[in-house]
Each structure stands twice: as C-alpha cells, then as structure tokens.
file run.cif (mmCIF, C-alpha atoms)
data_work
#
loop_
_atom_site.label_atom_id
_atom_site.label_comp_id
_atom_site.auth_asym_id
_atom_site.auth_seq_id
_atom_site.Cartn_x
_atom_site.Cartn_y
_atom_site.Cartn_z
CA MET A 12 154.59 68.57 69.56
CA SER A 13 152.65 68.26 66.33
CA LEU A 14 153.10 67.45 62.65
CA VAL A 15 151.36 69.12 59.71
CA LEU A 16 150.41 66.66 56.95
CA ASN A 17 148.40 67.93 53.99
CA ARG A 18 147.43 71.01 55.97
CA THR A 19 145.96 68.80 58.70
CA ARG A 20 147.29 69.20 62.20
CA VAL A 21 147.97 65.83 63.86
CA ARG A 22 148.52 65.74 67.57
CA ILE A 23 151.20 63.32 68.79
CA PRO A 24 150.76 61.92 72.29
CA LYS A 25 152.95 63.59 74.81
CA VAL A 26 156.09 61.67 75.73
CA ALA A 27 157.24 61.60 79.32
CA GLY A 28 159.83 64.28 79.86
CA ALA A 29 159.11 66.07 76.57
CA PRO A 30 158.32 69.80 76.70
CA ALA A 31 154.64 70.79 76.67
CA ASP A 32 153.19 71.58 73.26
CA GLU A 33 151.91 75.15 73.52
CA SER A 34 150.84 75.38 69.87
CA ILE A 35 147.68 73.39 70.44
CA VAL A 36 145.65 75.17 73.08
CA GLY A 37 142.03 76.16 73.43
CA PRO A 38 140.71 79.71 73.43
CA ASP A 39 142.30 82.01 75.94
CA PRO A 40 140.31 82.90 79.10
CA TRP A 41 139.29 86.32 77.76
CA THR A 42 137.85 84.77 74.59
CA ARG A 43 135.93 82.17 76.59
CA ARG A 44 134.63 84.90 78.88
CA LEU A 45 133.62 87.01 75.90
CA LEU A 46 131.87 84.24 73.98
CA GLY A 47 130.31 82.53 76.96
CA GLY A 48 129.34 85.51 79.07
CA TYR A 49 129.57 89.03 77.72
CA LEU A 50 128.16 88.53 74.22
CA PRO A 51 124.97 86.71 75.37
CA LEU A 52 124.55 89.30 78.12
CA ILE A 53 124.96 92.20 75.68
CA ALA A 54 122.53 90.58 73.21
CA ALA A 55 119.92 90.06 75.96
CA CYS A 56 120.31 93.67 77.15
CA LEU A 57 119.89 94.97 73.62
CA LEU A 58 116.70 92.96 73.15
CA ILE A 59 115.29 94.46 76.35
CA VAL A 60 116.61 98.03 76.11
CA ALA A 61 116.15 98.62 72.36
CA PRO A 62 112.30 98.84 72.43
CA LEU A 63 112.39 101.10 75.49
CA LEU A 64 115.02 103.33 73.93
CA TRP A 65 113.06 103.48 70.67
CA MET A 66 109.94 104.48 72.59
CA VAL A 67 111.76 107.25 74.47
CA LEU A 68 113.33 108.61 71.30
CA GLY A 69 110.01 108.33 69.46
CA SER A 70 108.33 110.51 72.07
CA PHE A 71 110.64 113.37 71.05
CA LYS A 72 110.11 112.90 67.30
CA THR A 73 107.48 114.25 64.97
CA SER A 74 104.84 111.96 63.51
CA GLY A 75 106.59 112.12 60.13
CA GLU A 76 109.80 110.79 61.66
CA VAL A 77 107.99 107.86 63.32
CA VAL A 78 105.57 106.85 60.55
CA THR A 79 107.98 106.63 57.64
CA GLN A 80 109.65 104.04 55.46
CA ASP A 81 113.06 105.59 56.14
CA LEU A 82 114.54 104.65 59.49
CA VAL A 83 115.08 107.73 61.66
CA LEU A 84 117.13 106.78 64.71
CA TRP A 85 117.54 110.23 66.25
CA PRO A 86 114.97 113.04 66.15
CA HIS A 87 116.13 115.90 63.95
CA HIS A 88 114.47 118.52 66.15
CA PRO A 89 113.76 117.01 69.61
CA SER A 90 110.79 118.59 71.34
CA PHE A 91 108.29 118.01 74.14
CA ASP A 92 105.31 118.58 71.86
CA ALA A 93 104.13 114.98 72.25
CA TYR A 94 104.13 115.27 76.04
CA THR A 95 102.30 118.59 75.88
CA SER A 96 99.72 117.15 73.49
CA ALA A 97 99.21 114.05 75.68
CA SER A 98 98.70 116.19 78.79
CA SER A 99 96.18 118.40 77.02
CA LYS A 100 94.05 115.44 75.91
CA VAL A 101 94.23 113.30 79.06
CA ASN A 102 94.50 114.51 82.65
CA PHE A 103 97.83 112.81 83.36
CA PRO A 104 98.41 114.53 86.74
CA ARG A 105 95.11 113.13 87.99
CA LEU A 106 95.83 109.68 86.54
CA PHE A 107 99.32 109.75 88.05
CA ALA A 108 97.92 110.66 91.48
CA ASN A 109 95.38 107.83 91.22
CA SER A 110 98.10 105.32 90.34
CA VAL A 111 100.34 106.52 93.17
CA LEU A 112 97.51 106.23 95.70
CA VAL A 113 96.35 102.80 94.53
CA THR A 114 99.91 101.47 94.28
CA ALA A 115 101.09 102.84 97.63
CA VAL A 116 98.08 101.65 99.64
CA GLY A 117 97.70 98.32 97.83
CA ALA A 118 101.42 97.45 97.85
CA PHE A 119 101.80 98.41 101.52
CA ILE A 120 98.87 96.26 102.67
CA LYS A 121 99.96 93.33 100.50
CA LEU A 122 103.52 93.55 101.83
CA VAL A 123 102.33 93.63 105.45
CA LEU A 124 100.07 90.64 104.83
CA ALA A 125 102.89 88.76 103.11
CA ILE A 126 105.32 89.40 105.98
CA THR A 127 102.89 88.44 108.73
CA SER A 128 101.52 85.38 106.96
CA GLY A 129 105.02 84.23 105.98
CA TYR A 130 106.07 84.53 109.62
CA ALA A 131 103.04 82.57 110.75
CA PHE A 132 103.66 79.71 108.33
CA SER A 133 107.36 79.62 109.26
CA PHE A 134 107.44 79.85 113.05
CA LEU A 135 103.92 79.24 114.38
CA ARG A 136 102.36 75.83 114.93
CA PHE A 137 98.60 75.73 114.49
CA PRO A 138 96.10 73.12 113.23
CA GLY A 139 95.76 72.91 109.46
CA ARG A 140 98.94 74.87 108.75
CA ARG A 141 100.09 72.55 105.96
CA ILE A 142 96.64 72.39 104.39
CA ILE A 143 96.28 76.17 104.34
CA PHE A 144 99.74 76.59 102.85
CA THR A 145 98.90 74.01 100.19
CA LEU A 146 95.79 76.01 99.29
CA ILE A 147 97.99 79.10 98.93
CA LEU A 148 100.22 77.18 96.52
CA VAL A 149 97.14 76.17 94.57
CA ALA A 150 96.10 79.83 94.41
CA LEU A 151 99.38 80.59 92.63
CA MET A 152 98.25 78.39 89.74
CA VAL A 153 94.86 80.08 89.31
CA PRO A 154 94.84 83.11 86.96
CA SER A 155 93.38 86.28 88.41
CA GLN A 156 91.02 86.57 85.43
CA VAL A 157 89.10 83.53 86.70
CA SER A 158 87.82 85.46 89.72
CA MET A 159 87.14 88.70 87.87
CA VAL A 160 83.39 88.17 87.39
CA PRO A 161 82.72 87.13 91.03
CA ASN A 162 84.88 90.03 92.23
CA TYR A 163 83.01 92.50 90.06
CA ILE A 164 79.61 91.25 91.25
CA THR A 165 80.75 91.50 94.87
CA ILE A 166 82.39 94.92 94.60
CA ALA A 167 79.55 96.35 92.54
CA GLY A 168 77.04 95.03 95.08
CA LEU A 169 78.95 96.81 97.84
CA GLY A 170 79.01 100.06 95.86
CA GLY A 171 82.69 99.95 94.98
CA VAL A 172 82.44 100.91 91.31
CA ASN A 173 84.52 104.03 90.55
CA THR A 174 86.08 104.00 94.01
CA TYR A 175 89.66 103.61 95.17
CA TRP A 176 88.86 100.83 97.61
CA GLY A 177 87.02 98.98 94.85
CA ILE A 178 90.26 98.96 92.83
CA ILE A 179 92.46 97.95 95.77
CA LEU A 180 90.40 95.42 97.73
CA PRO A 181 90.22 92.39 95.36
CA GLY A 182 94.00 92.29 94.86
CA LEU A 183 95.05 92.29 98.52
CA GLY A 184 95.51 88.52 98.60
CA THR A 185 99.19 87.88 97.94
CA ALA A 186 99.90 84.18 97.54
CA PHE A 187 103.22 84.77 95.80
CA GLY A 188 104.55 87.11 98.50
CA THR A 189 103.49 84.72 101.26
CA PHE A 190 105.20 81.80 99.53
CA LEU A 191 108.43 83.69 98.80
CA LEU A 192 108.79 85.18 102.28
CA ARG A 193 107.89 81.90 103.95
CA GLN A 194 110.72 80.20 102.08
CA SER A 195 113.07 83.04 103.02
CA PHE A 196 112.07 83.00 106.70
CA MET A 197 112.60 79.23 106.87
CA ALA A 198 116.28 79.78 106.00
CA LEU A 199 116.87 82.15 108.93
CA PRO A 200 118.84 80.87 111.94
CA ILE A 201 116.30 79.59 114.43
CA ASP A 202 118.77 79.96 117.32
CA VAL A 203 118.56 83.74 117.13
CA LEU A 204 114.78 83.67 117.41
CA GLU A 205 114.89 81.19 120.28
CA ALA A 206 117.35 83.43 122.11
CA ALA A 207 115.03 86.41 121.59
CA GLU A 208 112.12 84.34 122.90
CA ILE A 209 114.11 83.43 126.02
CA ASP A 210 114.81 87.14 126.54
CA GLY A 211 111.06 87.77 126.58
CA ALA A 212 110.45 89.02 123.03
CA GLY A 213 106.99 88.29 121.71
CA HIS A 214 106.02 87.41 118.17
CA LEU A 215 105.69 91.05 117.14
CA GLY A 216 109.08 91.92 118.64
CA ARG A 217 110.80 88.97 116.98
CA LEU A 218 109.17 89.82 113.67
CA SER A 219 110.07 93.51 113.71
CA ARG A 220 113.50 93.31 115.35
CA MET A 221 114.85 89.99 114.09
CA VAL A 222 113.05 88.57 111.08
CA VAL A 223 112.47 91.73 109.06
CA PRO A 224 116.09 93.06 109.30
CA MET A 225 117.60 89.66 108.48
CA ALA A 226 115.23 89.08 105.54
CA ALA A 227 115.40 92.66 104.22
CA PRO A 228 116.65 91.65 100.71
CA ALA A 229 113.80 89.17 100.25
CA ILE A 230 111.27 91.71 101.53
CA ALA A 231 112.67 94.31 99.12
CA THR A 232 112.25 91.84 96.27
CA VAL A 233 108.63 91.18 97.22
CA ALA A 234 108.06 94.94 97.58
CA LEU A 235 109.39 95.63 94.08
CA ILE A 236 107.33 92.86 92.49
CA THR A 237 104.23 94.03 94.34
CA ILE A 238 104.74 97.68 93.38
CA VAL A 239 105.28 96.82 89.72
CA ASP A 240 102.23 94.54 89.73
CA GLU A 241 100.02 97.20 91.31
CA TRP A 242 101.33 99.98 89.06
CA ASN A 243 100.91 97.98 85.85
CA ASN A 244 97.55 96.47 86.79
CA TYR A 245 95.28 97.12 83.84
CA ILE A 246 92.34 94.77 83.46
CA TRP A 247 90.73 95.15 86.88
CA PRO A 248 90.91 99.00 87.00
CA LEU A 249 89.56 99.04 83.45
CA VAL A 250 86.58 96.89 84.48
CA ILE A 251 85.75 98.58 87.78
CA THR A 252 86.15 102.23 86.67
CA THR A 253 84.16 104.21 84.15
CA ASP A 254 84.90 107.70 85.48
CA ASP A 255 88.05 109.47 84.26
CA SER A 256 88.70 110.82 87.76
CA ARG A 257 89.27 107.29 89.13
CA MET A 258 91.25 105.75 86.28
CA THR A 259 94.90 104.77 86.67
CA LEU A 260 97.72 105.48 84.24
CA PRO A 261 97.56 102.18 82.28
CA VAL A 262 93.83 102.71 81.76
CA GLY A 263 94.55 106.31 80.80
CA LEU A 264 96.73 105.06 77.96
CA THR A 265 93.69 103.27 76.54
CA LEU A 266 91.73 106.49 76.86
CA LEU A 267 94.51 108.33 75.05
CA LYS A 268 94.56 105.67 72.33
CA ASN A 269 90.81 106.06 71.81
CA ILE A 270 91.23 109.82 71.47
CA GLU A 271 94.31 109.61 69.28
CA GLY A 272 93.11 107.01 66.81
CA ASP A 273 95.21 108.36 63.95
CA PRO A 274 98.43 106.36 63.34
CA SER A 275 100.26 109.68 62.98
CA ALA A 276 99.78 110.22 66.73
CA TYR A 277 102.32 107.55 67.71
CA PRO A 278 104.66 110.12 69.35
CA VAL A 279 101.82 111.13 71.68
CA LEU A 280 101.15 107.48 72.62
CA MET A 281 104.86 106.90 73.17
CA ALA A 282 105.01 109.95 75.43
CA GLY A 283 102.14 108.54 77.49
CA ALA A 284 103.88 105.17 77.73
CA VAL A 285 107.08 106.85 78.93
CA VAL A 286 105.12 108.57 81.69
CA VAL A 287 103.74 105.18 82.78
CA ILE A 288 107.02 103.23 82.90
CA ALA A 289 109.37 105.94 84.18
CA PRO A 290 108.34 105.66 87.88
CA VAL A 291 108.71 101.88 87.82
CA LEU A 292 112.22 102.15 86.38
CA LEU A 293 113.19 104.65 89.06
CA ILE A 294 111.90 102.35 91.79
CA PHE A 295 113.86 99.46 90.30
CA LEU A 296 117.06 101.51 90.26
CA PHE A 297 116.48 102.38 93.90
CA LEU A 298 115.85 98.77 95.03
CA GLN A 299 118.21 96.87 92.73
CA ARG A 300 121.00 96.81 95.33
CA HIS A 301 118.72 95.03 97.79
CA ILE A 302 117.50 92.64 95.10
CA VAL A 303 121.04 91.68 94.12
CA ALA A 304 121.82 91.14 97.79
CA GLY A 305 118.78 88.89 98.08
CA LEU A 306 119.78 86.83 95.06
CA THR A 307 123.34 86.36 96.30
CA GLN A 308 122.39 85.83 99.95
CA GLY A 309 123.86 82.58 101.19
CA ALA A 310 126.28 82.21 98.28
CA VAL A 311 129.24 83.25 100.47
CA LYS A 312 129.72 82.21 104.07
#

call {"tool": "encode", "arguments": {"input": "run.cif", "output": "structure tokens"}}
result
Amino acid sequence: MSLVLNRTRVRIPKVAGAPADESIVGPDPWTRRLLGGYLPLIAACLLIVAPLLWMVLGSFKTSGEVVTQDLVLWPHHPSFDAYTSASSKVNFPRLFANSVLVTAVGAFIKLVLAITSGYAFSFLRFPGRRIIFTLILVALMVPSQVSMVPNYITIAGLGGVNTYWGIILPGLGTAFGTFLLRQSFMALPIDVLEAAEIDGAGHLGRLSRMVVPMAAPAIATVALITIVDEWNNYIWPLVITTDDSRMTLPVGLTLLKNIEGDPSAYPVLMAGAVVVIAPVLLIFLFLQRHIVAGLTQGAVK
C-alpha cells in the first residue's frame, strides 16, 4: 500500500495481515535479463564483429566506395576484383601452403610436448619437479621478443634462414600449454589412473587411453590457441625469411602492402586480410563445442 503526496510515492510499512502491495516492484525478470545480460553481450559482439564485417564488405567494394567521405555500408556492385588483384601481385597459394605447413607441424609438436610435459608434472615424481615447473611459470612472463636476437644468431648459424625448420624450431617451447594441461590433469580422478596402473597399464597407455580422452576439452582449447598463435605469428617469420617462397601469409600481407602503397588499394589489402583470417575462423567454429565443454567442465556434477 502506498500514498502519493506531491507526486512523490511514499511506501508505508507492510502491516501484518494486509495484502501485498504489487504497485511497488522492481523490474520484471525479462527486463533484468535484458539490461544485465543481453545488451552488454550484444554490444560486445558488435564491437568485435563490426570491424571484421566491415573488412569483408570492403573487400567486395571498389576503391572509391572505401576511400570516400560518404559512408557506403554495402557495395553497389560486389565483385571479386580485389581478390583477383591480390592473387596476381602476391603468390597467395604458395603463402597459404607455407602457413599450413608451418602451422600444422609446429602446432602438432607443441601440442604433443604440452600433453607429455603436463602429464609428467602431474603424475610423475622426479627430483627438481617443482623447480622446473616454477621456471616454466617464469617463462610465461618473459616476452618472446626478448629471445629473438639469440634465436636468430643460433638459427642463422645453423643455416636455418629461409627454411621451414628455421621458422618452426624456436617456437616449439610451449610454457602456456604445459601449465594449462598440467592444471587440467591435476583435476582428473586419480583413482581411475591407479586402477589402470594395477591392471598393468604403463605411462603411455594411461596417457593415451585415460588422460587424453578425459581431458579432451582442455586439449582442444590448447590446440586452438596453439594453432591461432602459429598461424598469426608475424615477427619471427618476418625476421628469419627473406625469400618470397618461404614467407607465411601474415608476412605476405606486408609484402602486399609494400606493393600496394596507394591508399586507393584498400580493397586489395582487405581481401588479403580476409584470406588470412578465414581459416582461423573456420577452425574456431569447428572446435568451439569442445572449448565450451572445457569451460563448463566441472560446473555440473
């Protein structure tokens, strides 16, 4: 029950036995859900998707529709001319093959090292285990650019300039993957592994038949992060390669930018950027189910 005095609503304390006052209530559940959940989520998605969508649309526009004071949201005459022009100036099939090779080999080796080292730090007892793991945590805090000069001197001395193994080798250390999988393996039920050990399963059998299937969401998360990191790696391939036949796609974009220095060539640069990010987006769509499962693992018993 309430009174209205001078257009001001005054709430009267509820009397025992009086009917509930339904005129003074907070926002309904749908409004709270909209204001507290959906609107921030939609705003965050727009901030992330809008630049990508603008880049994709810009790759189908003409230079006059991109470089203009009048906002052109949709291309008047969509065409693949920008993609054709980018392919004629830079050997994108070769760059794409280089990126696929470097990413596949590098990500596979890093994932195997992360799984095996995470298993070792979780279930094996050996001298200096805590010290070594602490050094791995310290390595997470050191930027990769710090070791670029020593890595270049070493790889160049071994003859690895303009080679695939020269691009792959320095990045095989995966401190983040080891840390993440070690934390995930520590949460696994130890009774299952002890039962497998009693049945005669060795470390390799327990790892392949028990640990990997149970920790599949976490491994998929590490795989996605590793693939994206390898695919988007730019500085080290730029430093270690000078031959166009060994460059990766991110470095090829720089090559395309140097060729297309005119601001009117933005559609061509956008087309090249679309070629670079499209495979990563497809991989994310393929692995997102496993990633969501990894994030929600343990939330429900």

call {"tool": "atom_distance", "arguments": {"input": "run.cif", "atom1": "atom CA of Val291 of chain A", "atom2": "atom CA of Trp247 of chain A"}}
result
19.2 Å

call {"tool": "atom_distance", "arguments": {"input": "run.cif", "atom1": "atom CA of Leu183 of chain A", "atom2": "atom CA of Ile238 of chain A"}}
result
12.2 Å

call {"tool": "closest_residue", "arguments": {"input": "run.cif", "among": "A:Leu148, A:Leu122, A:Ile164, A:Leu267", "to": "Lys100 of chain A", "atoms": "all atoms listed in the file"}}
result
A:Leu267

call {"tool": "closest_residue", "arguments": {"input": "run.cif", "among": "A:Leu58, A:Ala284, A:Val77, A:Leu68", "to": "Pro89 of chain A", "atoms": "all atoms listed in the file"}}
result
A:Leu68

call {"tool": "atom_distance", "arguments": {"input": "run.cif", "atom1": "atom CA of Ala227 of chain A", "atom2": "atom CA of Ile126 of chain A"}}
result
10.7 Å

call {"tool": "resolve_selection", "arguments": {"input": "run.cif", "expression": "the PyMOL selection byres ((chain A and resi 121) around 9)", "output": "PDB file with C-alpha atoms, in the frame of the given file"}}
result
ATOM      1  CA  VAL A 116      98.080 101.650  99.640  1.00  0.00           C
ATOM      2  CA  GLY A 117      97.700  98.320  97.830  1.00  0.00           C
ATOM      3  CA  ALA A 118     101.420  97.450  97.850  1.00  0.00           C
ATOM      4  CA  PHE A 119     101.800  98.410 101.520  1.00  0.00           C
ATOM      5  CA  ILE A 120      98.870  96.260 102.670  1.00  0.00           C
ATOM      6  CA  LEU A 122     103.520  93.550 101.830  1.00  0.00           C
ATOM      7  CA  VAL A 123     102.330  93.630 105.450  1.00  0.00           C
ATOM      8  CA  LEU A 124     100.070  90.640 104.830  1.00  0.00           C
ATOM      9  CA  ALA A 125     102.890  88.760 103.110  1.00  0.00           C
ATOM     10  CA  ILE A 126     105.320  89.400 105.980  1.00  0.00           C
ATOM     11  CA  GLY A 182      94.000  92.290  94.860  1.00  0.00           C
ATOM     12  CA  LEU A 183      95.050  92.290  98.520  1.00  0.00           C
ATOM     13  CA  GLY A 184      95.510  88.520  98.600  1.00  0.00           C
ATOM     14  CA  THR A 185      99.190  87.880  97.940  1.00  0.00           C
ATOM     15  CA  GLY A 188     104.550  87.110  98.500  1.00  0.00           C
ATOM     16  CA  ALA A 234     108.060  94.940  97.580  1.00  0.00           C
ATOM     17  CA  THR A 237     104.230  94.030  94.340  1.00  0.00           C
TER      18      THR A 237
END

call {"tool": "closest_residue", "arguments": {"input": "run.cif", "among": "A:Asn243, A:Ser158, A:Ser99, A:Ser219", "to": "Pro290 of chain A", "atoms": "all atoms listed in the file"}}
result
A:Asn243

call {"tool": "closest_residue", "arguments": {"input": "run.cif", "among": "A:Met152, A:Met225, A:Thr127, A:Glu241", "to": "Thr189 of chain A", "atoms": "all atoms listed in the file"}}
result
A:Thr127

call {"tool": "closest_residue", "arguments": {"input": "run.cif", "among": "A:Phe91, A:Phe137, A:Phe103, A:Tyr277", "to": "Trp65 of chain A", "atoms": "all atoms listed in the file"}}
result
A:Tyr277

call {"tool": "resolve_selection", "arguments": {"input": "run.cif", "expression": "the PyMOL selection byres ((chain A and resi 162) around 10)", "output": "JSON, numbers by chain"}}
result
{"A": [156, 157, 158, 159, 160, 161, 163, 164, 165, 166, 167, 168, 177, 180, 181, 182, 247, 251]}

call {"tool": "closest_residue", "arguments": {"input": "run.cif", "among": "A:Leu112, A:Ala61, A:Ile53, A:Leu235", "to": "Arg257 of chain A", "atoms": "all atoms listed in the file"}}
result
A:Leu112

call {"tool": "resolve_selection", "arguments": {"input": "run.cif", "expression": "the PyMOL selection byres ((chain A and resi 63) around 12)", "output": "list in words"}}
result
Cys56, Leu57, Leu58, Ile59, Val60, Ala61, Pro62, Leu64, Trp65, Met66, Val67, Leu68, Gly69, Ser70, Met281, Ala282, Ala284, Val285, Ile288, Ala289 and Leu292 of chain A

call {"tool": "decode", "arguments": {"input": "run.cif", "residues": "segment 122-134 of chain A", "atoms": "all heavy atoms", "output": "JSON list (two decimals), in the first residue's frame"}}
result
[["chain", "number", "residue", "atom", "x", "y", "z"],
["A", 122, "LEU", "N", 51.70, -29.30, -29.25],
["A", 122, "LEU", "CA", 50.62, -29.96, -28.52],
["A", 122, "LEU", "C", 51.11, -31.26, -27.89],
["A", 122, "LEU", "O", 50.77, -31.56, -26.74],
["A", 122, "LEU", "CB", 49.45, -30.23, -29.46],
["A", 122, "LEU", "CG", 48.17, -30.77, -28.82],
["A", 122, "LEU", "CD1", 47.63, -29.78, -27.79],
["A", 122, "LEU", "CD2", 47.11, -31.07, -29.88],
["A", 123, "VAL", "N", 51.90, -32.03, -28.64],
["A", 123, "VAL", "CA", 52.45, -33.27, -28.08],
["A", 123, "VAL", "C", 53.36, -32.97, -26.89],
["A", 123, "VAL", "O", 53.29, -33.64, -25.84],
["A", 123, "VAL", "CB", 53.20, -34.05, -29.17],
["A", 123, "VAL", "CG1", 53.96, -35.23, -28.56],
["A", 123, "VAL", "CG2", 52.23, -34.55, -30.24],
["A", 124, "LEU", "N", 54.20, -31.96, -27.02],
["A", 124, "LEU", "CA", 55.08, -31.59, -25.91],
["A", 124, "LEU", "C", 54.29, -31.10, -24.71],
["A", 124, "LEU", "O", 54.64, -31.40, -23.56],
["A", 124, "LEU", "CB", 56.07, -30.51, -26.37],
["A", 124, "LEU", "CG", 57.12, -30.93, -27.39],
["A", 124, "LEU", "CD1", 57.97, -29.74, -27.81],
["A", 124, "LEU", "CD2", 58.00, -32.05, -26.85],
["A", 125, "ALA", "N", 53.21, -30.36, -24.95],
["A", 125, "ALA", "CA", 52.39, -29.86, -23.85],
["A", 125, "ALA", "C", 51.69, -31.01, -23.13],
["A", 125, "ALA", "O", 51.62, -31.04, -21.89],
["A", 125, "ALA", "CB", 51.36, -28.86, -24.37],
["A", 126, "ILE", "N", 51.18, -31.99, -23.88],
["A", 126, "ILE", "CA", 50.49, -33.12, -23.26],
["A", 126, "ILE", "C", 51.46, -33.97, -22.44],
["A", 126, "ILE", "O", 51.18, -34.32, -21.29],
["A", 126, "ILE", "CB", 49.80, -33.97, -24.34],
["A", 126, "ILE", "CG1", 48.65, -33.18, -24.98],
["A", 126, "ILE", "CG2", 49.25, -35.27, -23.75],
["A", 126, "ILE", "CD1", 48.01, -33.88, -26.17],
["A", 127, "THR", "N", 52.59, -34.30, -23.02],
["A", 127, "THR", "CA", 53.54, -35.17, -22.31],
["A", 127, "THR", "C", 54.16, -34.47, -21.11],
["A", 127, "THR", "O", 54.30, -35.07, -20.03],
["A", 127, "THR", "CB", 54.64, -35.63, -23.28],
["A", 127, "THR", "OG1", 55.21, -34.49, -23.94],
["A", 127, "THR", "CG2", 54.07, -36.57, -24.34],
["A", 128, "SER", "N", 54.52, -33.21, -21.26],
["A", 128, "SER", "CA", 55.10, -32.49, -20.12],
["A", 128, "SER", "C", 54.06, -32.24, -19.04],
["A", 128, "SER", "O", 54.36, -32.31, -17.84],
["A", 128, "SER", "CB", 55.73, -31.17, -20.58],
["A", 128, "SER", "OG", 54.75, -30.34, -21.21],
["A", 129, "GLY", "N", 52.81, -31.93, -19.43],
["A", 129, "GLY", "CA", 51.76, -31.76, -18.44],
["A", 129, "GLY", "C", 51.50, -33.05, -17.66],
["A", 129, "GLY", "O", 51.27, -33.03, -16.45],
["A", 130, "TYR", "N", 51.55, -34.18, -18.35],
["A", 130, "TYR", "CA", 51.40, -35.47, -17.68],
["A", 130, "TYR", "C", 52.55, -35.72, -16.71],
["A", 130, "TYR", "O", 52.35, -36.21, -15.58],
["A", 130, "TYR", "CB", 51.32, -36.59, -18.72],
["A", 130, "TYR", "CG", 51.22, -37.97, -18.13],
["A", 130, "TYR", "CD1", 49.98, -38.51, -17.80],
["A", 130, "TYR", "CD2", 52.37, -38.74, -17.91],
["A", 130, "TYR", "CE1", 49.88, -39.79, -17.26],
["A", 130, "TYR", "CE2", 52.28, -40.01, -17.36],
["A", 130, "TYR", "CZ", 51.04, -40.53, -17.04],
["A", 130, "TYR", "OH", 50.93, -41.79, -16.50],
["A", 131, "ALA", "N", 53.76, -35.40, -17.14],
["A", 131, "ALA", "CA", 54.91, -35.62, -16.28],
["A", 131, "ALA", "C", 54.83, -34.79, -15.01],
["A", 131, "ALA", "O", 55.09, -35.28, -13.91],
["A", 131, "ALA", "CB", 56.20, -35.31, -17.05],
["A", 132, "PHE", "N", 54.47, -33.52, -15.14],
["A", 132, "PHE", "CA", 54.39, -32.66, -13.95],
["A", 132, "PHE", "C", 53.20, -33.02, -13.06],
["A", 132, "PHE", "O", 53.19, -32.66, -11.89],
["A", 132, "PHE", "CB", 54.28, -31.20, -14.37],
["A", 132, "PHE", "CG", 55.58, -30.61, -14.84],
["A", 132, "PHE", "CD1", 55.73, -30.18, -16.15],
["A", 132, "PHE", "CD2", 56.65, -30.49, -13.99],
["A", 132, "PHE", "CE1", 56.92, -29.64, -16.59],
["A", 132, "PHE", "CE2", 57.86, -29.96, -14.42],
["A", 132, "PHE", "CZ", 57.99, -29.53, -15.72],
["A", 133, "SER", "N", 52.22, -33.73, -13.59],
["A", 133, "SER", "CA", 51.03, -34.06, -12.81],
["A", 133, "SER", "C", 51.16, -35.39, -12.08],
["A", 133, "SER", "O", 50.73, -35.51, -10.92],
["A", 133, "SER", "CB", 49.80, -34.10, -13.72],
["A", 133, "SER", "OG", 49.59, -32.85, -14.35],
["A", 134, "PHE", "N", 51.73, -36.40, -12.73],
["A", 134, "PHE", "CA", 51.65, -37.76, -12.18],
["A", 134, "PHE", "C", 53.01, -38.41, -11.93],
["A", 134, "PHE", "O", 53.05, -39.49, -11.38],
["A", 134, "PHE", "CB", 50.84, -38.65, -13.14],
["A", 134, "PHE", "CG", 49.48, -38.11, -13.44],
["A", 134, "PHE", "CD1", 49.15, -37.66, -14.71],
["A", 134, "PHE", "CD2", 48.51, -38.06, -12.45],
["A", 134, "PHE", "CE1", 47.89, -37.17, -14.99],
["A", 134, "PHE", "CE2", 47.24, -37.57, -12.72],
["A", 134, "PHE", "CZ", 46.93, -37.12, -13.99]]
